[in-house]
>>> print(open('work13.pdb').read())   # PDB, C-alpha atoms
ATOM      1  CA  MET Y1169     104.086 -96.046-124.350
ATOM      2  CA  ARG Y1170     102.585 -92.626-125.153
ATOM      3  CA  ALA Y1171      99.093 -92.438-126.605
ATOM      4  CA  PHE Y1172      96.571 -89.735-127.437
ATOM      5  CA  VAL Y1173      93.325 -90.299-125.526
ATOM      6  CA  LEU Y1174      90.020 -88.477-125.857
ATOM      7  CA  THR Y1175      88.424 -88.306-122.415
ATOM      8  CA  GLY Y1176      85.261 -86.395-123.364
ATOM      9  CA  PRO Y1177      83.978 -83.778-125.810
ATOM     10  CA  GLY Y1178      86.818 -81.306-126.282
ATOM     11  CA  ALA Y1179      88.906 -83.038-123.603
ATOM     12  CA  TYR Y1180      92.064 -85.044-124.228
ATOM     13  CA  GLU Y1181      95.373 -86.201-122.777
ATOM     14  CA  VAL Y1182      98.633 -87.537-124.103
ATOM     15  CA  ARG Y1183      99.262 -90.165-121.461
ATOM     16  CA  GLU Y1184     101.430 -93.147-120.662
ATOM     17  CA  VAL Y1185      99.498 -96.386-121.246
ATOM     18  CA  PRO Y1186     100.544-100.034-121.209
ATOM     19  CA  SER Y1187     102.150-101.230-124.432
ATOM     20  CA  PRO Y1188      99.935-103.683-126.307
ATOM     21  CA  VAL Y1189     100.736-107.382-126.272
ATOM     22  CA  ALA Y1190      99.939-109.535-129.278
ATOM     23  CA  GLY Y1191      97.142-111.921-128.377
ATOM     24  CA  PRO Y1192      96.258-115.037-130.399
ATOM     25  CA  GLY Y1193      95.819-114.044-134.029
ATOM     26  CA  GLU Y1194      97.144-110.527-133.443
ATOM     27  CA  ALA Y1195     100.157-108.468-134.465
ATOM     28  CA  VAL Y1196     101.748-105.504-132.720
ATOM     29  CA  VAL Y1197     102.857-102.665-134.973
ATOM     30  CA  ASP Y1198     105.210 -99.757-134.321
ATOM     31  CA  VAL Y1199     103.179 -96.907-135.778
ATOM     32  CA  GLU Y1200     105.006 -94.789-138.372
ATOM     33  CA  ARG Y1201     102.321 -92.393-139.501
ATOM     34  CA  VAL Y1202      98.632 -91.663-138.807
ATOM     35  CA  GLY Y1203      96.159 -89.483-140.672
ATOM     36  CA  VAL Y1204      93.692 -87.244-138.839
ATOM     37  CA  CYS Y1205      90.196 -87.808-140.217
ATOM     38  CA  GLY Y1206      86.851 -86.041-140.016
ATOM     39  CA  THR Y1207      85.617 -88.967-137.922
ATOM     40  CA  ASP Y1208      88.281 -88.138-135.326
ATOM     41  CA  VAL Y1209      87.037 -84.546-135.275
ATOM     42  CA  GLU Y1210      83.477 -85.761-134.652
ATOM     43  CA  PHE Y1211      84.701 -87.769-131.663
ATOM     44  CA  PHE Y1212      86.509 -84.667-130.410
ATOM     45  CA  THR Y1213      83.361 -82.548-130.638
ATOM     46  CA  GLY Y1214      81.092 -85.302-129.290
ATOM     47  CA  GLU Y1215      78.962 -85.318-132.449
ATOM     48  CA  MET Y1216      79.971 -88.781-133.637
ATOM     49  CA  ALA Y1217      76.807 -90.900-133.944
ATOM     50  CA  TYR Y1218      78.446 -94.007-132.450
ATOM     51  CA  LEU Y1219      78.763 -92.167-129.126
ATOM     52  CA  HIS Y1220      74.988 -91.827-128.989
ATOM     53  CA  GLN Y1221      74.237 -95.322-130.337
ATOM     54  CA  GLY Y1222      76.306 -97.233-127.771
ATOM     55  CA  HIS Y1223      78.998 -98.315-130.246
ATOM     56  CA  ALA Y1224      81.709 -96.092-128.723
ATOM     57  CA  ALA Y1225      82.377 -94.370-125.403
ATOM     58  CA  TYR Y1226      84.975 -92.154-123.769
ATOM     59  CA  PRO Y1227      87.784 -92.572-123.008
ATOM     60  CA  LEU Y1228      88.828 -93.668-126.469
ATOM     61  CA  ARG Y1229      91.996 -93.742-128.519
ATOM     62  CA  PRO Y1230      91.327 -92.644-132.128
ATOM     63  CA  GLY Y1231      93.336 -93.144-135.308
ATOM     64  CA  HIS Y1232      92.377 -95.445-138.184
ATOM     65  CA  GLU Y1233      94.445 -94.190-141.147
ATOM     66  CA  TRP Y1234      97.842 -95.611-140.321
ATOM     67  CA  CYS Y1235     100.941 -97.491-141.389
ATOM     68  CA  GLY Y1236     103.830 -99.006-139.480
ATOM     69  CA  ARG Y1237     106.125-101.993-139.007
ATOM     70  CA  VAL Y1238     105.206-105.293-137.348
ATOM     71  CA  THR Y1239     107.337-105.978-134.277
ATOM     72  CA  ALA Y1240     105.572-108.951-132.644
ATOM     73  CA  VAL Y1241     102.920-111.547-133.413
ATOM     74  CA  GLY Y1242     100.722-113.736-131.253
ATOM     75  CA  ASP Y1243      99.917-117.430-131.387
ATOM     76  CA  GLY Y1244      98.671-118.646-134.728
ATOM     77  CA  VAL Y1245     100.242-115.828-136.730
ATOM     78  CA  ASP Y1246     102.929-116.386-139.372
ATOM     79  CA  PRO Y1247     106.180-115.009-137.883
ATOM     80  CA  GLY Y1248     107.059-113.858-141.402
ATOM     81  CA  TRP Y1249     105.010-110.737-140.658
ATOM     82  CA  ILE Y1250     107.662-109.531-138.201
ATOM     83  CA  GLY Y1251     109.653-106.667-139.704
ATOM     84  CA  ARG Y1252     107.228-106.007-142.550
ATOM     85  CA  ARG Y1253     105.799-102.576-143.261
ATOM     86  CA  VAL Y1254     102.022-102.688-143.243
ATOM     87  CA  MET Y1255      98.774-100.776-143.064
ATOM     88  CA  GLY Y1256      95.584-102.222-141.675
ATOM     89  CA  ASP Y1257      91.899-102.472-142.464
ATOM     90  CA  THR Y1258      89.717-100.386-140.167
ATOM     91  CA  MET Y1259      86.720-102.726-140.307
ATOM     92  CA  LEU Y1260      87.060-105.897-138.224
ATOM     93  CA  GLY Y1261      84.089-108.184-138.801
ATOM     94  CA  CYS Y1262      83.175-111.059-136.506
ATOM     95  CA  GLY Y1263      84.131-113.563-139.228
ATOM     96  CA  GLY Y1264      81.188-115.890-138.693
ATOM     97  CA  CYS Y1265      77.999-114.055-139.646
ATOM     98  CA  ARG Y1266      76.300-114.186-143.033
ATOM     99  CA  ARG Y1267      77.743-110.817-144.099
ATOM    100  CA  CYS Y1268      81.306-111.754-143.169
ATOM    101  CA  LEU Y1269      81.024-115.111-144.901
ATOM    102  CA  ARG Y1270      79.788-113.352-148.037
ATOM    103  CA  GLY Y1271      82.810-111.018-148.080
ATOM    104  CA  ARG Y1272      81.051-108.036-146.497
ATOM    105  CA  ARG Y1273      82.774-107.889-143.146
ATOM    106  CA  HIS Y1274      82.853-104.090-143.366
ATOM    107  CA  VAL Y1275      79.082-104.059-142.743
ATOM    108  CA  CYS Y1276      79.087-106.813-140.097
ATOM    109  CA  GLU Y1277      76.606-105.822-137.381
ATOM    110  CA  ALA Y1278      79.045-106.926-134.659
ATOM    111  CA  ARG Y1279      82.134-105.364-136.224
ATOM    112  CA  GLN Y1280      84.811-103.448-134.412
ATOM    113  CA  GLU Y1281      86.388-100.449-136.127
ATOM    114  CA  VAL Y1282      89.969 -99.551-135.241
ATOM    115  CA  GLY Y1283      89.954 -96.309-133.292
ATOM    116  CA  ILE Y1284      86.223 -95.871-133.822
ATOM    117  CA  ARG Y1285      83.874 -98.631-132.690
ATOM    118  CA  GLY Y1286      83.748-101.441-130.193
ATOM    119  CA  ALA Y1287      86.532-100.263-127.844
ATOM    120  CA  ARG Y1288      89.244-101.212-130.363
ATOM    121  CA  ASP Y1289      92.166 -98.852-129.646
ATOM    122  CA  GLY Y1290      93.333 -96.726-132.556
ATOM    123  CA  ALA Y1291      96.719 -95.785-133.931
ATOM    124  CA  LEU Y1292      97.356 -92.421-132.283
ATOM    125  CA  ALA Y1293      99.939 -94.117-130.100
ATOM    126  CA  GLU Y1294     103.454 -95.428-130.389
ATOM    127  CA  ARG Y1295     102.232 -98.984-130.894
ATOM    128  CA  LEU Y1296      99.051-100.708-131.990
ATOM    129  CA  ALA Y1297      97.655-104.244-131.741
ATOM    130  CA  VAL Y1298      95.347-105.476-134.511
ATOM    131  CA  PRO Y1299      94.270-108.833-135.937
ATOM    132  CA  ALA Y1300      96.916-110.079-138.339
ATOM    133  CA  SER Y1301      94.116-110.876-140.774
ATOM    134  CA  SER Y1302      93.553-107.122-141.174
ATOM    135  CA  LEU Y1303      97.122-106.383-142.288
ATOM    136  CA  HIS Y1304      98.125-105.420-145.827
ATOM    137  CA  ALA Y1305     101.817-105.419-146.722
ATOM    138  CA  LEU Y1306     103.306-102.240-148.201
ATOM    139  CA  PRO Y1307     105.982-102.355-150.907
ATOM    140  CA  ASP Y1308     109.058-100.156-150.587
ATOM    141  CA  SER Y1309     107.645 -97.733-153.154
ATOM    142  CA  VAL Y1310     104.794 -96.871-150.763
ATOM    143  CA  ASP Y1311     106.441 -94.716-148.113
ATOM    144  CA  ALA Y1312     104.964 -93.675-144.764
ATOM    145  CA  VAL Y1313     103.076 -90.728-146.234
ATOM    146  CA  LEU Y1314     101.403 -92.895-148.857
ATOM    147  CA  GLY Y1315     100.934 -95.772-146.439
ATOM    148  CA  ALA Y1316      98.825 -93.635-144.119
ATOM    149  CA  LEU Y1317      96.767 -92.531-147.120
ATOM    150  CA  VAL Y1318      95.826 -96.059-148.207
ATOM    151  CA  GLU Y1319      92.742 -96.210-145.969
ATOM    152  CA  PRO Y1320      91.119 -93.002-147.262
ATOM    153  CA  GLY Y1321      92.319 -93.952-150.729
ATOM    154  CA  GLY Y1322      90.488 -97.265-150.549
ATOM    155  CA  ASN Y1323      87.249 -95.429-149.842
ATOM    156  CA  ALA Y1324      87.867 -93.081-152.743
ATOM    157  CA  LEU Y1325      88.818 -95.867-155.143
ATOM    158  CA  ARG Y1326      85.546 -97.643-154.350
ATOM    159  CA  ALA Y1327      83.640 -94.414-154.985
ATOM    160  CA  ALA Y1328      85.402 -93.911-158.314
ATOM    161  CA  ARG Y1329      84.703 -97.485-159.359
ATOM    162  CA  ALA Y1330      81.044 -97.089-158.378
ATOM    163  CA  ALA Y1331      80.876 -94.056-160.662
ATOM    164  CA  ALA Y1332      81.860 -96.393-163.521
ATOM    165  CA  SER Y1333      83.379 -93.523-165.502
ATOM    166  CA  GLY Y1334      86.146 -93.821-168.055
ATOM    167  CA  PRO Y1335      87.187 -92.368-171.422
ATOM    168  CA  GLY Y1336      84.345 -90.384-172.944
ATOM    169  CA  ASP Y1337      82.570 -89.928-169.588
ATOM    170  CA  ARG Y1338      82.239 -86.734-167.578
ATOM    171  CA  ALA Y1339      82.199 -87.014-163.766
ATOM    172  CA  LEU Y1340      81.532 -84.333-161.160
ATOM    173  CA  VAL Y1341      82.824 -84.631-157.578
ATOM    174  CA  LEU Y1342      81.125 -82.531-154.909
ATOM    175  CA  GLY Y1343      83.481 -81.610-152.076
ATOM    176  CA  PRO Y1344      87.247 -81.158-152.713
ATOM    177  CA  GLY Y1345      88.364 -82.509-149.339
ATOM    178  CA  THR Y1346      90.603 -85.535-148.894
ATOM    179  CA  ILE Y1347      88.054 -88.117-150.096
ATOM    180  CA  GLY Y1348      86.757 -85.912-152.900
ATOM    181  CA  LEU Y1349      90.234 -85.174-154.238
ATOM    182  CA  LEU Y1350      91.300 -88.809-153.988
ATOM    183  CA  THR Y1351      88.132 -89.849-155.823
ATOM    184  CA  ALA Y1352      88.885 -87.267-158.496
ATOM    185  CA  MET Y1353      92.420 -88.658-158.840
ATOM    186  CA  PHE Y1354      91.132 -92.196-159.347
ATOM    187  CA  LEU Y1355      88.514 -90.995-161.839
ATOM    188  CA  ARG Y1356      91.190 -89.104-163.759
ATOM    189  CA  ALA Y1357      93.405 -92.198-163.782
ATOM    190  CA  ALA Y1358      90.459 -94.129-165.273
ATOM    191  CA  GLY Y1359      90.308 -91.650-168.160
ATOM    192  CA  ALA Y1360      87.207 -89.663-167.203
ATOM    193  CA  GLU Y1361      86.850 -85.912-167.647
ATOM    194  CA  VAL Y1362      86.759 -84.801-164.022
ATOM    195  CA  HIS Y1363      85.015 -81.743-162.594
ATOM    196  CA  LEU Y1364      85.069 -80.627-158.958
ATOM    197  CA  MET Y1365      82.635 -78.420-157.055
ATOM    198  CA  GLY Y1366      83.653 -76.718-153.810
ATOM    199  CA  ALA Y1367      82.712 -73.880-151.503
ATOM    200  CA  THR Y1368      85.951 -72.017-150.770
ATOM    201  CA  GLU Y1369      88.430 -70.414-153.105
ATOM    202  CA  GLY Y1370      91.325 -71.959-151.174
ATOM    203  CA  SER Y1371      90.112 -75.513-151.742
ATOM    204  CA  LEU Y1372      89.351 -74.801-155.387
ATOM    205  CA  ALA Y1373      92.769 -73.246-155.952
ATOM    206  CA  PHE Y1374      94.402 -76.283-154.384
ATOM    207  CA  ALA Y1375      92.441 -78.566-156.718
ATOM    208  CA  ARG Y1376      93.604 -76.536-159.697
ATOM    209  CA  GLY Y1377      97.168 -76.924-158.455
ATOM    210  CA  LEU Y1378      96.695 -80.685-158.639
ATOM    211  CA  GLY Y1379      95.954 -80.359-162.336
ATOM    212  CA  PHE Y1380      92.159 -80.315-162.274
ATOM    213  CA  GLU Y1381      91.089 -77.729-164.842
ATOM    214  CA  HIS Y1382      87.334 -77.952-164.326
ATOM    215  CA  VAL Y1383      86.775 -76.523-160.852
ATOM    216  CA  TRP Y1384      83.576 -74.726-159.865
ATOM    217  CA  THR Y1385      81.513 -73.202-157.106
ATOM    218  CA  GLU Y1386      77.903 -74.355-156.879
ATOM    219  CA  ASP Y1387      76.738 -71.214-158.676
ATOM    220  CA  SER Y1388      79.210 -71.606-161.527
ATOM    221  CA  VAL Y1389      78.793 -75.317-162.373
ATOM    222  CA  PRO Y1390      78.307 -75.373-166.156
ATOM    223  CA  ASP Y1391      75.224 -76.813-167.806
ATOM    224  CA  LEU Y1392      76.899 -79.997-169.013
ATOM    225  CA  PRO Y1393      75.795 -83.643-169.003
ATOM    226  CA  PHE Y1394      77.487 -85.336-166.046
ATOM    227  CA  ASP Y1395      77.470 -89.101-166.480
ATOM    228  CA  ALA Y1396      78.314 -89.556-162.792
ATOM    229  CA  VAL Y1397      78.171 -87.338-159.726
ATOM    230  CA  VAL Y1398      79.982 -88.257-156.513
ATOM    231  CA  ASP Y1399      78.887 -86.518-153.314
ATOM    232  CA  ALA Y1400      81.956 -86.451-151.066
ATOM    233  CA  SER Y1401      80.746 -83.505-149.007
ATOM    234  CA  ASN Y1402      79.231 -83.150-145.543
ATOM    235  CA  ALA Y1403      76.521 -80.717-146.670
ATOM    236  CA  ALA Y1404      72.959 -81.963-146.167
ATOM    237  CA  PRO Y1405      71.527 -80.299-149.327
ATOM    238  CA  LEU Y1406      74.116 -81.716-151.730
ATOM    239  CA  PRO Y1407      72.780 -85.272-152.185
ATOM    240  CA  ALA Y1408      69.654 -83.732-153.725
ATOM    241  CA  ARG Y1409      71.797 -81.336-155.775
ATOM    242  CA  ALA Y1410      73.777 -84.299-157.064
ATOM    243  CA  LEU Y1411      70.538 -85.852-158.313
ATOM    244  CA  GLU Y1412      69.671 -82.614-160.085
ATOM    245  CA  LEU Y1413      73.058 -82.481-161.801
ATOM    246  CA  VAL Y1414      73.439 -86.094-162.948
ATOM    247  CA  GLU Y1415      72.555 -87.023-166.504
ATOM    248  CA  PRO Y1416      69.485 -89.294-166.969
ATOM    249  CA  GLY Y1417      70.684 -92.876-166.985
ATOM    250  CA  GLY Y1418      73.778 -91.843-165.028
ATOM    251  CA  ARG Y1419      75.192 -92.837-161.667
ATOM    252  CA  LEU Y1420      75.165 -91.192-158.256
ATOM    253  CA  VAL Y1421      77.718 -92.146-155.612
ATOM    254  CA  TYR Y1422      77.203 -91.093-152.016
ATOM    255  CA  ILE Y1423      80.274 -91.297-149.772
ATOM    256  CA  GLY Y1424      79.974 -88.080-147.761
ATOM    257  CA  LEU Y1425      77.980 -87.901-144.522
ATOM    258  CA  ALA Y1426      76.162 -84.830-143.254
ATOM    259  CA  GLY Y1427      75.400 -84.144-139.621
ATOM    260  CA  GLU Y1428      71.663 -84.212-140.339
ATOM    261  CA  PRO Y1429      69.404 -86.155-142.735
ATOM    262  CA  SER Y1430      69.586 -85.246-146.415
ATOM    263  CA  PRO Y1431      66.222 -85.043-148.211
ATOM    264  CA  LEU Y1432      66.108 -86.791-151.575
ATOM    265  CA  ASP Y1433      63.165 -86.967-153.986
ATOM    266  CA  THR Y1434      63.095 -90.561-155.145
ATOM    267  CA  ARG Y1435      60.619 -89.610-157.877
ATOM    268  CA  ALA Y1436      63.440 -87.786-159.645
ATOM    269  CA  LEU Y1437      65.689 -90.790-159.098
ATOM    270  CA  VAL Y1438      63.155 -93.038-160.828
ATOM    271  CA  LEU Y1439      62.173 -90.662-163.609
ATOM    272  CA  LYS Y1440      65.825 -90.057-164.491
ATOM    273  CA  ASP Y1441      66.549 -93.804-164.364
ATOM    274  CA  VAL Y1442      69.581 -93.138-162.169
ATOM    275  CA  THR Y1443      71.667 -95.717-160.317
ATOM    276  CA  ALA Y1444      72.543 -94.578-156.780
ATOM    277  CA  VAL Y1445      75.287 -96.252-154.735
ATOM    278  CA  GLY Y1446      76.367 -95.746-151.141
ATOM    279  CA  ILE Y1447      79.993 -96.383-150.131
ATOM    280  CA  LEU Y1448      81.085 -97.328-146.617
ATOM    281  CA  SER Y1449      84.649 -98.436-145.905
ATOM    282  CA  ALA Y1450      87.854 -98.964-147.797
ATOM    283  CA  SER Y1451      87.996-102.703-147.086
ATOM    284  CA  PRO Y1452      87.331-104.098-150.580
ATOM    285  CA  GLY Y1453      89.619-101.485-152.168
ATOM    286  CA  LEU Y1454      92.783-101.572-150.058
ATOM    287  CA  ASP Y1455      94.954-103.869-152.184
ATOM    288  CA  ALA Y1456      94.082-102.049-155.413
ATOM    289  CA  THR Y1457      94.861 -98.716-153.740
ATOM    290  CA  ILE Y1458      98.274 -99.947-152.630
ATOM    291  CA  ARG Y1459      99.004-101.031-156.207
ATOM    292  CA  ALA Y1460      97.885 -97.660-157.589
ATOM    293  CA  TYR Y1461     100.176 -95.823-155.174
ATOM    294  CA  ALA Y1462     103.061 -98.219-155.784
ATOM    295  CA  ASP Y1463     103.051 -97.714-159.544
ATOM    296  CA  ALA Y1464     102.262 -93.974-159.262
ATOM    297  CA  THR Y1465      98.956 -94.284-161.091
ATOM    298  CA  VAL Y1466      97.732 -92.002-158.305
ATOM    299  CA  ASP Y1467      99.983 -89.788-156.157
ATOM    300  CA  PRO Y1468      98.122 -88.484-153.089
ATOM    301  CA  GLY Y1469     101.219 -87.147-151.311
ATOM    302  CA  PRO Y1470     100.448 -83.465-152.023
ATOM    303  CA  LEU Y1471      97.244 -83.745-149.975
ATOM    304  CA  VAL Y1472      99.269 -83.788-146.739
ATOM    305  CA  ALA Y1473      99.618 -80.236-145.455
ATOM    306  CA  ALA Y1474     101.654 -80.892-142.301
ATOM    307  CA  THR Y1475     102.965 -83.603-140.009
ATOM    308  CA  VAL Y1476     102.796 -83.146-136.238
ATOM    309  CA  GLY Y1477     103.504 -85.097-133.047
ATOM    310  CA  LEU Y1478     101.056 -86.539-130.531
ATOM    311  CA  ASP Y1479     101.176 -83.381-128.401
ATOM    312  CA  GLU Y1480      99.781 -81.337-131.287
ATOM    313  CA  VAL Y1481      96.847 -83.616-132.123
ATOM    314  CA  GLY Y1482      94.411 -81.908-129.749
ATOM    315  CA  PRO Y1483      94.765 -78.462-131.325
ATOM    316  CA  VAL Y1484      94.433 -80.017-134.798
ATOM    317  CA  LEU Y1485      91.174 -81.705-133.795
ATOM    318  CA  ALA Y1486      90.002 -78.373-132.425
ATOM    319  CA  GLY Y1487      90.447 -76.886-135.897
ATOM    320  CA  ARG Y1488      93.800 -75.156-135.622
ATOM    321  CA  ARG Y1489      96.146 -75.412-138.591
ATOM    322  CA  PRO Y1490      99.748 -76.236-137.633
ATOM    323  CA  ALA Y1491     102.271 -73.467-138.155
ATOM    324  CA  GLY Y1492     103.684 -73.619-141.659
ATOM    325  CA  ALA Y1493     100.994 -76.002-142.916
ATOM    326  CA  GLY Y1494     100.543 -76.207-146.658
ATOM    327  CA  PRO Y1495      97.209 -75.872-148.479
ATOM    328  CA  GLY Y1496      96.319 -79.592-148.505
ATOM    329  CA  PRO Y1497      93.365 -80.949-146.521
ATOM    330  CA  LYS Y1498      95.150 -83.730-144.608
ATOM    331  CA  ILE Y1499      97.201 -83.557-141.405
ATOM    332  CA  HIS Y1500      99.480 -86.467-140.480
ATOM    333  CA  VAL Y1501     100.879 -87.504-137.110
ATOM    334  CA  THR Y1502     104.134 -89.264-136.277
ATOM    335  CA  PRO Y1503     103.586 -90.869-132.854
TER
END
>>> encode(input="work13.pdb", output="structure tokens")
Amino acid sequence: MRAFVLTGPGAYEVREVPSPVAGPGEAVVDVERVGVCGTDVEFFTGEMAYLHQGHAAYPLRPGHEWCGRVTAVGDGVDPGWIGRRVMGDTMLGCGGCRRCLRGRRHVCEARQEVGIRGARDGALAERLAVPASSLHALPDSVDAVLGALVEPGGNALRAARAAASGPGDRALVLGPGTIGLLTAMFLRAAGAEVHLMGATEGSLAFARGLGFEHVWTEDSVPDLPFDAVVDASNAAPLPARALELVEPGGRLVYIGLAGEPSPLDTRALVLKDVTAVGILSASPGLDATIRAYADATVDPGPLVAATVGLDEVGPVLAGRRPAGAGPGPKIHVTP
């Protein structure tokens, strides 16, 4: 089968590789759609921390936002999975440690991450093998576009829930990229008054086009009480800015990651009596995200700007927009 393989920083090939075979407990999926993520870009540039921590190494096959159809299963797997449309959890815990047994497999120290960590091949290929235990069935109302947006949506849903904002609350999301916009959508669905802060007029205009009226640059954010602030950016100064902006007694949610440490004055955190929450992984939010997409509580489809083939993935990772791409932040791939 054909697969996209990163061979080093800035180096890649679309090559023929052996098709995966379903081992015990595994399923093989024909991949329908894959989302390109900022993590994939970090692997392309060589900046991804896992490369320097020994958790990942070239060559590697990225792709962790995916959906497809099960075509084969290994020993011990219910054959009823065959033919079903699915997406899969990225985080694959060991299953036996204290964290896994307490339902926190997404922070298992020995975890693999599909397309990211532990030499677990990703979905930028025609077919993919994953543990059947990681599969989540997709209803017919969740098409391929939405199916490949479940994984980022699960992260965003968890961030929105951590913000604990509903009717009568005002929430501010920093960073109108894919995760920030999805978080804003879930906050809006919960009944909160949602504000977004971004850096470029293009991203702010796109957010307005999605129906978000309260869209600001950092210099124009109004002096309002924000009951929750979600940092979904990759800017090192913004975690501290989020603390400045949140209302005393409010909630901070950190889901964005900068390329360098972000200074934060914990004295302000204490004196404002703020609750701060970090979010890693979509795992606990995948089923609820599928339901939200299925009943159209949230429609993330407009976030997808273009869909390309495997041969165009390299240029996308290098920062080139596909010809005719729309204004959305997400690029999809059909392997």
>>> resolve_selection(input="work13.pdb", expression="the PyMOL selection byres ((chain Y and resi 1370) around 12)", output="NGL selection string")
:Y and (1344-1345 or 1366-1369 or 1371-1377 or 1383-1385 or 1494-1497)
>>> write_last_selection(input="work13.pdb", atoms="C-alpha atoms", output="mmCIF file, keeping the file's coordinate frame")
data_model
loop_
_atom_site.group_PDB
_atom_site.id
_atom_site.type_symbol
_atom_site.label_atom_id
_atom_site.label_comp_id
_atom_site.auth_asym_id
_atom_site.auth_seq_id
_atom_site.Cartn_x
_atom_site.Cartn_y
_atom_site.Cartn_z
ATOM 1 C CA PRO Y 1344 87.247 -81.158 -152.713
ATOM 2 C CA GLY Y 1345 88.364 -82.509 -149.339
ATOM 3 C CA GLY Y 1366 83.653 -76.718 -153.810
ATOM 4 C CA ALA Y 1367 82.712 -73.880 -151.503
ATOM 5 C CA THR Y 1368 85.951 -72.017 -150.770
ATOM 6 C CA GLU Y 1369 88.430 -70.414 -153.105
ATOM 7 C CA SER Y 1371 90.112 -75.513 -151.742
ATOM 8 C CA LEU Y 1372 89.351 -74.801 -155.387
ATOM 9 C CA ALA Y 1373 92.769 -73.246 -155.952
ATOM 10 C CA PHE Y 1374 94.402 -76.283 -154.384
ATOM 11 C CA ALA Y 1375 92.441 -78.566 -156.718
ATOM 12 C CA ARG Y 1376 93.604 -76.536 -159.697
ATOM 13 C CA GLY Y 1377 97.168 -76.924 -158.455
ATOM 14 C CA VAL Y 1383 86.775 -76.523 -160.852
ATOM 15 C CA TRP Y 1384 83.576 -74.726 -159.865
ATOM 16 C CA THR Y 1385 81.513 -73.202 -157.106
ATOM 17 C CA GLY Y 1494 100.543 -76.207 -146.658
ATOM 18 C CA PRO Y 1495 97.209 -75.872 -148.479
ATOM 19 C CA GLY Y 1496 96.319 -79.592 -148.505
ATOM 20 C CA PRO Y 1497 93.365 -80.949 -146.521
#
>>> residues_around(input="work13.pdb", residues="range 1224-1237 of chain Y", least_positions_apart="4", cutoff="9 Å", atoms="all atoms listed in the file", output="MDAnalysis selection string")
chainID Y and resid 1171:1177 1180 1196:1205 1207:1208 1211 1216:1220 1249:1258 1281:1293 1295 1306 1312:1320
>>> atom_distance(input="work13.pdb", atom1="CA of Arg1270 in chain Y", atom2="CA of Pro1452 in chain Y")
12.2 Å
>>> closest_residue(input="work13.pdb", among="Y:Val1275, Y:Val1421, Y:Leu1392, Y:Ile1347", to="Arg1329 in chain Y", atoms="all atoms listed in the file")
Y:Val1421
>>> closest_residue(input="work13.pdb", among="Y:Thr1475, Y:Thr1457, Y:Gln1221, Y:Ser1430", to="Val1310 in chain Y", atoms="all atoms listed in the file")
Y:Thr1457
>>> atom_distance(input="work13.pdb", atom1="CA of His1363 in chain Y", atom2="CA of Phe1394 in chain Y")
9.0 Å
>>> resolve_selection(input="work13.pdb", expression="the PyMOL selection byres ((chain Y and resi 1358) around 9)", output="list in words")
Ala1328, Arg1329, Ser1333, Gly1334, Pro1335, Met1353, Phe1354, Leu1355, Arg1356, Ala1357, Gly1359 and Ala1360 of chain Y
>>> closest_residue(input="work13.pdb", among="Y:Ala1332, Y:Val1241, Y:Val1501, Y:Val1362", to="Ala1444 in chain Y", atoms="all atoms listed in the file")
Y:Ala1332
>>> atom_distance(input="work13.pdb", atom1="CA of Arg1279 in chain Y", atom2="CA of Val1398 in chain Y")
26.6 Å
>>> resolve_selection(input="work13.pdb", expression="the PyMOL selection byres ((chain Y and resi 1445-1450) around 8)", output="VMD selection string")
chain Y and resid 1257 to 1259 1274 1319 to 1324 1326 to 1327 1330 1419 to 1423 1443 to 1444 1451 to 1454
>>> write_last_selection(input="work13.pdb", atoms="C-alpha atoms", output="PDB file, keeping the file's coordinate frame")
ATOM      1  CA  ASP Y1257      91.899-102.472-142.464  1.00  0.00           C
ATOM      2  CA  THR Y1258      89.717-100.386-140.167  1.00  0.00           C
ATOM      3  CA  MET Y1259      86.720-102.726-140.307  1.00  0.00           C
ATOM      4  CA  HIS Y1274      82.853-104.090-143.366  1.00  0.00           C
ATOM      5  CA  GLU Y1319      92.742 -96.210-145.969  1.00  0.00           C
ATOM      6  CA  PRO Y1320      91.119 -93.002-147.262  1.00  0.00           C
ATOM      7  CA  GLY Y1321      92.319 -93.952-150.729  1.00  0.00           C
ATOM      8  CA  GLY Y1322      90.488 -97.265-150.549  1.00  0.00           C
ATOM      9  CA  ASN Y1323      87.249 -95.429-149.842  1.00  0.00           C
ATOM     10  CA  ALA Y1324      87.867 -93.081-152.743  1.00  0.00           C
ATOM     11  CA  ARG Y1326      85.546 -97.643-154.350  1.00  0.00           C
ATOM     12  CA  ALA Y1327      83.640 -94.414-154.985  1.00  0.00           C
ATOM     13  CA  ALA Y1330      81.044 -97.089-158.378  1.00  0.00           C
ATOM     14  CA  ARG Y1419      75.192 -92.837-161.667  1.00  0.00           C
ATOM     15  CA  LEU Y1420      75.165 -91.192-158.256  1.00  0.00           C
ATOM     16  CA  VAL Y1421      77.718 -92.146-155.612  1.00  0.00           C
ATOM     17  CA  TYR Y1422      77.203 -91.093-152.016  1.00  0.00           C
ATOM     18  CA  ILE Y1423      80.274 -91.297-149.772  1.00  0.00           C
ATOM     19  CA  THR Y1443      71.667 -95.717-160.317  1.00  0.00           C
ATOM     20  CA  ALA Y1444      72.543 -94.578-156.780  1.00  0.00           C
ATOM     21  CA  SER Y1451      87.996-102.703-147.086  1.00  0.00           C
ATOM     22  CA  PRO Y1452      87.331-104.098-150.580  1.00  0.00           C
ATOM     23  CA  GLY Y1453      89.619-101.485-152.168  1.00  0.00           C
ATOM     24  CA  LEU Y1454      92.783-101.572-150.058  1.00  0.00           C
TER      25      LEU Y1454
END
>>> residues_near_point(input="work13.pdb", point="(83.8, -85.6, -154.8)", cutoff="8 Å", atoms="all atoms listed in the file", output="list in words")
Leu1340, Val1341, Leu1342, Gly1343, Pro1344, Gly1345, Ile1347, Gly1348, Leu1349, Thr1351, Ala1352, Leu1364, Met1365, Val1397, Val1398, Asp1399, Ala1400 and Ser1401 of chain Y
